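Remarks on the structure that follows.
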Amino acid sequence: MKNFIVLFFCVLLFACSDKPEVSIPDTVLSKEKMAEVLVDVHLMEAAINLTPYSPGQIASVGDTVPTTIDVLKKNNINKEQYDESFDFYTKNPKLLSEIYQLVLNDLSKMQAEVMNKK
């Protein structure tokens with residue numbers, strides 16, 4: 001019985017320990033770069049949502065609405081890099097949370113700059 005109790009506490013101790021830090025593969029965008037890309041993605045989505053055109057008409061608008069291709073080109077990445085990075089970070093919620101903190105900080109700074117210009 002004593003052995004069982006000792007074993008139970010050892011298992012409990014290891015179960016409660018922090019998970020080892022996840023290493024980011026070389027093929028995945030860094031947290032900072034991913035945050036930059038996501039800022040642009042969210043700004044693009046906001047521009048699309050604020051555009052008074054139906055989704056079918058957006059293609060005919062031309063350069064007035066940014067597209068995913070524009071965001072990828074601006075950040076010098078391709079769709080595969082973005083998809084692989086997005087997939088990796090969504091499977092690692094702690095890292096994704098850190099990235100979104102950077103995204104929120106950047107968007108807040110942008111908002112403050114706009115409000116100061118008014």
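Starting from 1 in every chain, residues are counted up; chains themselves are A, B, ... following the order of the structure tokens, and ligands are numbered from 1 as listed.
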- Item | For Leu96 (chain A): contacts at 12 Å, only C-alpha atoms, fewer than 2 positions along chain excluded, given as a PyMOL selection string | chain A and resi 22+24+30-32+34-35+38+85-94+98-103
- Please provide the set of residues having any atom within 9 Å of Tyr82 (chain A), restricted to only C-alpha atoms, with same-chain residues fewer than 5 positions apart removed, written as a VMD selection string. chain A and resid 28 to 29 34 37 72 77 87
Dump of C-alpha atoms for the selected residues, as a JSON list (two decimals), in the first residue's frame:
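Listed below is the output, part10.json:
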```json
[["chain", "number", "residue", "atom", "x", "y", "z"],
["A", 28, "VAL", "CA", 7.42, 27.79, -39.58],
["A", 29, "LEU", "CA", 7.31, 31.59, -39.38],
["A", 34, "MET", "CA", 3.39, 35.44, -37.76],
["A", 37, "VAL", "CA", 1.12, 38.60, -41.00],
["A", 72, "LEU", "CA", 1.35, 37.26, -48.56],
["A", 77, "ILE", "CA", 5.83, 34.59, -47.80],
["A", 87, "ASP", "CA", -1.49, 24.95, -38.56]]
```
- Would you work out the distance separating CA of Asn76 (chain A) from CA of Met115 (chain A), expressed in Å to one decimal?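 Interatomic distance here is 29.7 Å.
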- Message: Which residue is closest to Met44 (chain A)? Choose from A:Val71, A:Ala112, A:Leu104, A:Leu95 and count only C-alpha atoms.
- Response: A:Val71
- Would you mind reading off the distance between CA of Gln81 (chain A) and CA of Leu50 (chain A), one decimal, in Å? 28.0 Å
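One finds CA of Asp70 (chain A) at 16.7 Å from CA of Thr51 (chain A).
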- Contacts of Glu45 (chain A) at 10 Å (only C-alpha atoms; same-chain gap of 3+ positions) as number ranges by chain: A: 39-42, 48-51, 65-68
